[in-house]
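S.K.: Got a file for you: protein.txt, compact mmCIF, C-alpha atoms.
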```txt
# COMPACT_ATOMS: atom_id res chain seq x y z
CA MET E 907 38.62 -18.50 -23.28
CA ALA E 908 35.38 -19.63 -24.96
CA ALA E 909 34.32 -17.28 -27.78
CA GLU E 910 30.78 -16.92 -26.40
CA HIS E 911 32.02 -15.46 -23.12
CA LEU E 912 31.69 -11.71 -22.51
CA THR E 913 34.04 -9.46 -20.61
CA VAL E 914 32.71 -7.80 -17.49
CA GLY E 915 32.40 -4.52 -19.38
CA GLN E 916 30.50 -6.09 -22.29
CA ALA E 917 28.10 -7.93 -19.96
CA ALA E 918 27.53 -4.78 -17.92
CA ARG E 919 26.71 -2.66 -21.00
CA LEU E 920 24.29 -5.26 -22.36
CA ALA E 921 22.55 -5.59 -18.98
CA GLY E 922 22.38 -1.85 -18.27
CA VAL E 923 24.49 -1.90 -15.10
CA THR E 924 28.03 -0.88 -14.25
CA ALA E 925 31.02 -3.18 -14.28
CA GLY E 926 31.44 -2.32 -10.59
CA ALA E 927 27.95 -3.67 -9.92
CA LEU E 928 28.85 -7.01 -11.53
CA ARG E 929 32.03 -7.23 -9.48
CA HIS E 930 30.00 -6.49 -6.33
CA TYR E 931 27.44 -9.18 -7.22
CA ASP E 932 30.32 -11.62 -7.55
CA ARG E 933 31.85 -10.63 -4.19
CA ILE E 934 28.58 -11.13 -2.31
CA GLY E 935 27.71 -14.37 -4.11
CA LEU E 936 24.64 -12.99 -5.90
CA LEU E 937 25.88 -13.71 -9.44
CA ARG E 938 29.11 -15.56 -10.11
CA PRO E 939 30.86 -15.13 -13.47
CA ALA E 940 30.98 -18.14 -15.75
CA ALA E 941 34.76 -18.13 -15.60
CA VAL E 942 37.64 -16.25 -13.99
CA ASP E 943 41.10 -16.11 -15.51
CA GLN E 944 43.42 -17.50 -12.81
CA GLN E 945 46.34 -15.34 -13.89
CA THR E 946 44.67 -11.97 -14.59
CA GLY E 947 41.54 -12.27 -12.45
CA TYR E 948 39.41 -11.15 -15.41
CA ARG E 949 35.79 -12.24 -15.15
CA ARG E 950 33.90 -13.71 -18.10
CA TYR E 951 30.12 -14.12 -18.44
CA ARG E 952 27.88 -16.20 -20.66
CA ARG E 953 25.34 -14.33 -22.78
CA GLU E 954 22.43 -15.96 -20.96
CA GLN E 955 23.71 -14.44 -17.71
CA VAL E 956 22.90 -10.98 -19.09
CA GLU E 957 19.20 -11.75 -18.61
CA GLN E 958 19.88 -12.67 -14.98
CA VAL E 959 21.62 -9.34 -14.45
CA ARG E 960 18.70 -7.51 -16.07
CA LEU E 961 16.30 -9.27 -13.70
CA ILE E 962 18.46 -8.28 -10.72
CA ARG E 963 18.46 -4.67 -11.97
CA ARG E 964 14.65 -4.68 -12.29
CA LEU E 965 14.24 -6.09 -8.80
CA ARG E 966 16.61 -3.48 -7.39
CA GLU E 967 14.51 -0.77 -9.09
CA LEU E 968 11.59 -2.08 -7.00
CA GLU E 969 13.54 -1.10 -3.85
CA LEU E 970 14.35 -4.68 -2.93
CA PRO E 971 17.59 -5.10 -0.95
CA LEU E 972 20.24 -7.38 -2.41
CA ASP E 973 19.71 -10.04 0.26
CA GLU E 974 16.03 -10.24 -0.72
CA VAL E 975 16.94 -10.30 -4.43
CA ARG E 976 19.23 -13.27 -3.75
CA ARG E 977 16.38 -15.07 -1.96
CA LEU E 978 13.90 -14.32 -4.76
CA LEU E 979 16.21 -15.71 -7.41
CA SER E 980 16.25 -19.05 -5.59
CA LEU E 981 12.44 -19.41 -5.54
CA ASP E 982 10.11 -21.18 -7.93
CA ARG E 983 7.56 -19.10 -9.85
CA ALA E 984 4.71 -19.47 -7.33
CA ARG E 985 6.84 -18.55 -4.31
CA PHE E 986 8.45 -15.70 -6.30
CA ALA E 987 4.99 -14.28 -7.01
CA ALA E 988 3.97 -14.59 -3.34
CA ALA E 989 7.16 -12.84 -2.18
CA THR E 990 6.78 -9.98 -4.65
CA ALA E 991 3.12 -9.62 -3.65
CA ALA E 992 4.22 -9.24 -0.03
CA HIS E 993 6.69 -6.54 -1.12
CA ARG E 994 3.91 -4.82 -3.07
CA ASP E 995 1.81 -4.72 0.10
CA ARG E 996 4.69 -3.18 2.04
CA ILE E 997 5.13 -0.51 -0.64
CA ALA E 998 1.36 0.17 -0.64
CA ALA E 999 1.48 0.65 3.14
CA ARG E 1000 4.36 3.09 2.72
CA VAL E 1001 2.46 5.00 0.02
CA THR E 1002 -0.60 5.20 2.27
CA ARG E 1003 1.53 6.56 5.10
CA LEU E 1004 3.16 9.16 2.85
CA ARG E 1005 -0.19 10.29 1.44
CA GLY E 1006 -1.36 10.85 5.00
CA VAL E 1007 1.80 12.83 5.74
CA LEU E 1008 1.23 14.98 2.66
CA HIS E 1009 -2.36 15.62 3.70
CA VAL E 1010 -1.29 16.74 7.19
CA LEU E 1011 1.44 18.92 5.66
CA GLU E 1012 -1.17 20.68 3.53
CA HIS E 1013 -3.08 21.58 6.69
CA ALA E 1014 0.12 22.57 8.50
CA ILE E 1015 0.86 24.99 5.65
CA SER E 1016 -2.62 26.43 5.21
CA ASP E 1017 -4.23 26.32 8.72
CA ASP E 1018 -3.12 29.27 10.84
CA ASP E 1019 -3.95 27.54 14.13
CA TRP E 1020 -2.39 24.16 13.23
CA ILE E 1021 0.71 24.68 15.40
CA ALA E 1022 -1.40 25.54 18.45
CA MET E 1023 -3.66 22.48 18.13
CA THR E 1024 -3.65 20.18 21.20
CA GLU E 1025 -5.31 16.87 22.00
CA PRO E 1026 -6.29 16.93 25.69
CA THR E 1027 -7.71 13.72 27.11
CA PRO E 1028 -11.27 14.34 28.36
CA PRO E 1029 -12.41 12.90 31.69
CA PRO E 1030 -14.41 9.64 31.61
CA GLY E 1031 -18.10 10.22 30.99
CA ASP E 1032 -17.54 13.52 29.18
CA PRO E 1033 -19.36 13.59 25.80
CA GLU E 1034 -16.06 14.62 24.24
CA ALA E 1035 -14.58 11.31 25.43
CA HIS E 1036 -16.24 9.39 22.58
CA ARG E 1037 -14.83 11.83 20.05
CA HIS E 1038 -11.40 11.69 21.67
CA TRP E 1039 -11.25 7.90 21.54
CA GLY E 1040 -12.76 7.84 18.07
CA ARG E 1041 -9.87 10.02 16.86
CA THR E 1042 -7.20 8.25 18.91
CA LEU E 1043 -8.16 4.76 17.79
CA PHE E 1044 -8.71 5.90 14.19
CA ASN E 1045 -5.14 7.22 14.08
CA ASP E 1046 -3.70 4.06 15.60
CA VAL E 1047 -5.51 1.94 13.02
CA TRP E 1048 -3.76 3.99 10.35
CA ARG E 1049 -0.46 3.31 12.06
CA LEU E 1050 -1.16 -0.41 11.81
CA ILE E 1051 -2.37 -0.21 8.20
CA GLU E 1052 0.85 1.59 7.29
CA GLN E 1053 3.06 -0.87 9.17
CA GLU E 1054 4.92 -2.85 6.57
CA ASP E 1055 5.26 -6.15 8.48
CA ARG E 1056 2.33 -6.78 10.81
CA THR E 1057 2.05 -9.92 12.88
CA PRO E 1058 -1.23 -11.90 13.07
CA ASP E 1059 -1.80 -10.40 16.53
CA GLU E 1060 -1.36 -6.91 15.09
CA ASP E 1061 -3.83 -7.76 12.33
CA ALA E 1062 -6.36 -8.71 15.01
CA LEU E 1063 -5.61 -5.55 16.99
CA MET E 1064 -6.16 -3.48 13.84
CA VAL E 1065 -9.62 -5.00 13.36
CA HIS E 1066 -10.64 -4.47 16.99
CA GLU E 1067 -9.36 -0.89 17.10
CA ALA E 1068 -11.19 -0.02 13.87
CA HIS E 1069 -14.46 -1.33 15.28
CA ALA E 1070 -13.83 0.42 18.62
CA SER E 1071 -13.16 3.71 16.83
CA LEU E 1072 -16.39 3.30 14.86
CA TYR E 1073 -18.30 2.61 18.07
CA HIS E 1074 -17.09 5.88 19.60
CA TRP E 1075 -17.91 7.84 16.45
CA LEU E 1076 -21.42 6.37 16.42
CA ARG E 1077 -21.87 7.41 20.05
CA GLY E 1078 -20.29 10.86 19.97
CA GLY E 1079 -19.64 11.99 16.42
CA ARG E 1080 -21.48 13.58 13.53
CA PRO E 1081 -22.77 11.53 10.58
CA GLU E 1082 -19.57 12.41 8.71
CA ASN E 1083 -17.54 10.83 11.51
CA ALA E 1084 -19.66 7.70 11.39
CA ALA E 1085 -19.20 7.46 7.62
CA ARG E 1086 -15.44 7.79 7.99
CA GLY E 1087 -15.39 5.19 10.75
CA GLU E 1088 -17.32 2.73 8.57
CA TRP E 1089 -14.96 3.55 5.71
CA GLN E 1090 -11.90 2.73 7.81
CA VAL E 1091 -13.37 -0.60 8.94
CA SER E 1092 -14.00 -1.47 5.29
CA ARG E 1093 -10.42 -0.52 4.40
CA VAL E 1094 -9.04 -2.73 7.18
CA TYR E 1095 -10.93 -5.73 5.84
CA CYS E 1096 -9.67 -4.98 2.32
CA VAL E 1097 -6.11 -4.91 3.63
CA LEU E 1098 -6.72 -8.31 5.22
CA ARG E 1099 -8.32 -9.69 2.01
CA ARG E 1100 -11.72 -10.25 3.65
CA PRO E 1101 -14.18 -8.99 1.02
CA GLU E 1102 -17.51 -9.88 2.68
CA PRO E 1103 -17.18 -7.58 5.73
CA ALA E 1104 -15.38 -5.01 3.55
CA LEU E 1105 -18.44 -4.83 1.28
CA TYR E 1106 -20.84 -4.64 4.24
CA HIS E 1107 -19.09 -1.65 5.77
CA ALA E 1108 -18.53 0.04 2.40
CA ARG E 1109 -22.29 -0.11 1.79
CA ARG E 1110 -22.77 1.39 5.24
CA VAL E 1111 -20.58 4.36 4.25
CA LEU E 1112 -22.70 5.10 1.21
CA ASP E 1113 -25.94 4.61 3.15
CA ILE E 1114 -24.89 7.17 5.78
CA CYS E 1115 -23.84 9.66 3.10
CA GLN E 1116 -27.15 9.28 1.24
CA ARG E 1117 -29.34 9.48 4.36
CA HIS E 1118 -27.62 12.62 5.62
CA GLY E 1119 -26.96 14.36 2.31
CA ILE E 1120 -23.18 14.12 2.70
CA GLY E 1121 -21.22 14.89 -0.45
CA ASP E 1122 -17.76 16.16 -1.37
CA TRP E 1123 -14.86 13.87 -0.49
CA ASP E 1124 -16.86 11.71 1.95
CA LEU E 1125 -19.13 10.64 -0.91
CA GLY E 1126 -16.10 10.12 -3.13
CA PHE E 1127 -14.52 7.85 -0.55
CA ALA E 1128 -17.81 5.98 -0.15
CA TYR E 1129 -17.55 5.07 -3.82
CA GLU E 1130 -13.83 4.33 -3.38
CA ALA E 1131 -14.64 1.93 -0.52
CA LEU E 1132 -17.16 0.07 -2.68
CA ALA E 1133 -14.70 -0.11 -5.58
CA ARG E 1134 -11.93 -1.44 -3.32
CA ALA E 1135 -14.20 -3.97 -1.59
CA HIS E 1136 -15.49 -5.30 -4.94
CA ALA E 1137 -11.88 -5.48 -6.16
CA ALA E 1138 -10.99 -7.49 -3.05
CA ALA E 1139 -13.88 -9.80 -3.94
CA GLY E 1140 -12.46 -10.27 -7.44
CA ASP E 1141 -15.39 -8.49 -9.14
CA GLU E 1142 -13.62 -6.38 -11.75
CA ALA E 1143 -16.79 -5.03 -13.39
CA GLU E 1144 -18.30 -3.73 -10.14
CA ALA E 1145 -14.96 -2.31 -9.04
CA ALA E 1146 -14.68 -0.42 -12.34
CA ARG E 1147 -18.24 0.89 -12.01
CA TRP E 1148 -17.65 2.36 -8.56
CA LEU E 1149 -14.25 3.73 -9.58
CA GLU E 1150 -15.93 5.64 -12.39
CA ARG E 1151 -18.44 7.15 -9.97
CA ALA E 1152 -15.68 8.06 -7.52
CA ARG E 1153 -13.69 9.85 -10.22
CA ALA E 1154 -16.79 11.79 -11.27
CA VAL E 1155 -17.33 12.96 -7.68
CA ALA E 1156 -13.62 13.83 -7.34
CA GLU E 1157 -14.02 16.53 -10.00
CA GLN E 1158 -16.51 18.32 -7.72
CA ILE E 1159 -14.47 18.24 -4.49
CA ALA E 1160 -13.85 21.78 -3.28
CA GLU E 1161 -10.40 21.40 -1.68
CA GLU E 1162 -7.62 20.59 -4.16
CA SER E 1163 -5.63 18.59 -1.58
CA ASP E 1164 -8.72 16.49 -0.74
CA ARG E 1165 -9.39 15.91 -4.43
CA GLU E 1166 -5.79 14.81 -5.05
CA LEU E 1167 -5.87 12.53 -2.01
CA LEU E 1168 -8.96 10.73 -3.33
CA LEU E 1169 -7.60 10.43 -6.87
CA ALA E 1170 -4.30 9.06 -5.57
CA ASP E 1171 -6.18 6.51 -3.45
CA LEU E 1172 -8.24 5.40 -6.44
CA GLU E 1173 -5.02 4.57 -8.30
CA THR E 1174 -4.25 1.90 -5.68
CA VAL E 1175 -7.45 -0.11 -6.23
CA ARG E 1176 -6.50 -3.44 -7.77
CA VAL E 1177 -8.65 -6.51 -8.38
CA VAL E 1178 -7.43 -9.38 -6.21
CA PRO E 1179 -7.94 -12.86 -7.74
CA LEU E 1180 -9.84 -15.08 -5.33
CA ALA E 1181 -8.04 -18.14 -4.04
CA PRO E 1182 -9.42 -21.40 -5.50
CA PRO E 1183 -11.55 -23.48 -3.14
CA PRO E 1184 -9.66 -26.20 -1.25
```
Would you mind writing the file's structure down as structure tokens?
M.R.:
Amino acid sequence: MAAEHLTVGQAARLAGVTAGALRHYDRIGLLRPAAVDQQTGYRRYRREQVEQVRLIRRLRELELPLDEVRRLLSLDRARFAAATAAHRDRIAARVTRLRGVLHVLEHAISDDDWIAMTEPTPPPGDPEAHRHWGRTLFNDVWRLIEQEDRTPDEDALMVHEAHASLYHWLRGGRPENAARGEWQVSRVYCVLRRPEPALYHARRVLDICQRHGIGDWDLGFAYEALARAHAAAGDEAEAARWLERARAVAEQIAEESDRELLLADLETVRVVPLAPPP
């Protein structure tokens, strides 16, 4: 056996995995050993294969299934980056969903009447109808934002529902509802990497807050929307400026759960490099 070959135990220790993991990778065709002794069945690995195992381990730590890891290892650098970016977006959607769940749990714990809350559908023409559909559509937009693998048709539905929700809030809600509706429309366009409408609606959030003297977490999220929209536009300096203002407002938010929700959301703002012109 070549001197540079490692036993399965040696390769596993160097790579930070178990010997059983290496045997499993061999069985499923993810990483074949460099050589197998025909009489004993002992596997041997080259030293350069240790780096491959380390990469597999890192990808598994990112919650990628082995089938996806196998696919990623076959890609060139550009397609690898695109695939991992898609996985990042799925994880971000999951984080958004879980933050929403935590926020609802806080209210379920602290609001005495939370269990008894109902959502009756008002009759057509009732002033409450606008508020009902504003809430209903708002919640379904969140469902779509949180969905890890949307189709193009679902992307379009998400846009239309966000605008429809905003329409109902503008017709039947308070200024705070209108600000939140504008904020959600801006978020949808950020998710879809469309910075121009995202910026327009983010500015609308801040305008409504300023005109109506709205502060607390609504103002914080107005700044968050502007930071995220500028990040989607690739403007790192403006994104950082609005993030700083949002964090300053977060320190003044009365409810701890609302403050933590805003701060957690700010951590997800990332500058997105603009695609080069064709």
S.K.: Considering all atoms listed in the file, state which residue in the set E:Glu1082, E:Gly1140, E:Pro939, E:Val956 is at the smallest distance from Gln1116 of chain E.
M.R.: E:Glu1082
S.K.: Excluding segment 918-929 of chain E and its own-chain neighbours fewer than 4 positions away, which residues fall within 7 Å of it when counting all atoms listed in the file? Please give them as a ChimeraX atom specification.
M.R.: /E:914,933,956,959-960
S.K.: Next, dump the selected residues to file, keeping only C-alpha atoms, as a PDB file, keeping the file's coordinate frame.
M.R.:
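Listed below is the output, result_14.pdb:
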```
ATOM      1  CA  VAL E 914      32.710  -7.800 -17.490  1.00  0.00           C
ATOM      2  CA  ARG E 933      31.850 -10.630  -4.190  1.00  0.00           C
ATOM      3  CA  VAL E 956      22.900 -10.980 -19.090  1.00  0.00           C
ATOM      4  CA  VAL E 959      21.620  -9.340 -14.450  1.00  0.00           C
ATOM      5  CA  ARG E 960      18.700  -7.510 -16.070  1.00  0.00           C
TER       6      ARG E 960
END
```
S.K.: List as a list in words the protein and nucleic acid residues near segment 1035-1040 of chain E, meaning an atom at most 6 Å away when all atoms listed in the file are counted, but skip any in the same chain fewer than 4 places from it.
M.R.: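 With the cut-off at 6 Å, the set is Pro1028, Phe1044, Ser1071, His1074, Trp1075 and Gly1078 of chain E.
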S.K.: Create the file for the chosen residues now, containing C-alpha atoms and written as a PDB file, in the coordinates of the input.
M.R.:
```pdb
ATOM      1  CA  PRO E1028     -11.270  14.340  28.360  1.00  0.00           C
ATOM      2  CA  PHE E1044      -8.710   5.900  14.190  1.00  0.00           C
ATOM      3  CA  SER E1071     -13.160   3.710  16.830  1.00  0.00           C
ATOM      4  CA  HIS E1074     -17.090   5.880  19.600  1.00  0.00           C
ATOM      5  CA  TRP E1075     -17.910   7.840  16.450  1.00  0.00           C
ATOM      6  CA  GLY E1078     -20.290  10.860  19.970  1.00  0.00           C
TER       7      GLY E1078
END
```
S.K.: Given all atoms listed in the file as the basis, pick out the residue of E:Glu969, E:His911, E:Ile997, E:Ala1068 nearest to Asp943 of chain E.
M.R.: E:His911
S.K.: Between E:Phe986, E:Ala1084, E:Tyr1095, E:His1136, which has the minimum distance to His1066 of chain E (counting all atoms listed in the file)?
M.R.: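 Residue with the minimum atom-to-atom distance to His1066 of chain E: E:Tyr1095.
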S.K.: Calculated over all atoms listed in the file, which of the candidates E:Trp1148, E:Arg1153, E:Leu1168, E:Pro1101 has the smallest distance to Phe1127 of chain E?
M.R.: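 Selected residue with least distance to Phe1127 of chain E: E:Leu1168.
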S.K.: Write out as a ChimeraX atom specification the residues lying within 12 Å of segment 1170-1175 of chain E, counting all atoms listed in the file and excluding same-chain residues fewer than 4 positions away.
M.R.: /E:994-995,997-999,1001-1006,1008-1009,1093,1096-1097,1123,1126-1142,1145-1146,1148-1156,1163-1166
S.K.: Around (26.6, -12.8, -18.0), as given in the file, which residues come within 7 Å? Count all atoms listed in the file and list them as a ChimeraX atom specification.
M.R.: /E:912,917,939,951-956
S.K.: Please compute the atom CA of Asp1055 of chain E-atom CA of Arg1000 of chain E distance, one decimal, in Å.
M.R.: 10.9 Å
S.K.: Quick one: distance from atom CA of Leu1050 of chain E to atom CA of Pro1103 of chain E in Å, one decimal?
M.R.: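 Interatomic distance, atom CA of Leu1050 of chain E to atom CA of Pro1103 of chain E: 18.6 Å.
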S.K.: Have a look at atom CA of Arg1100 of chain E and atom CA of Thr1042 of chain E and let me know their distance in Å, one decimal.
M.R.: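 It comes out at 24.4 Å.
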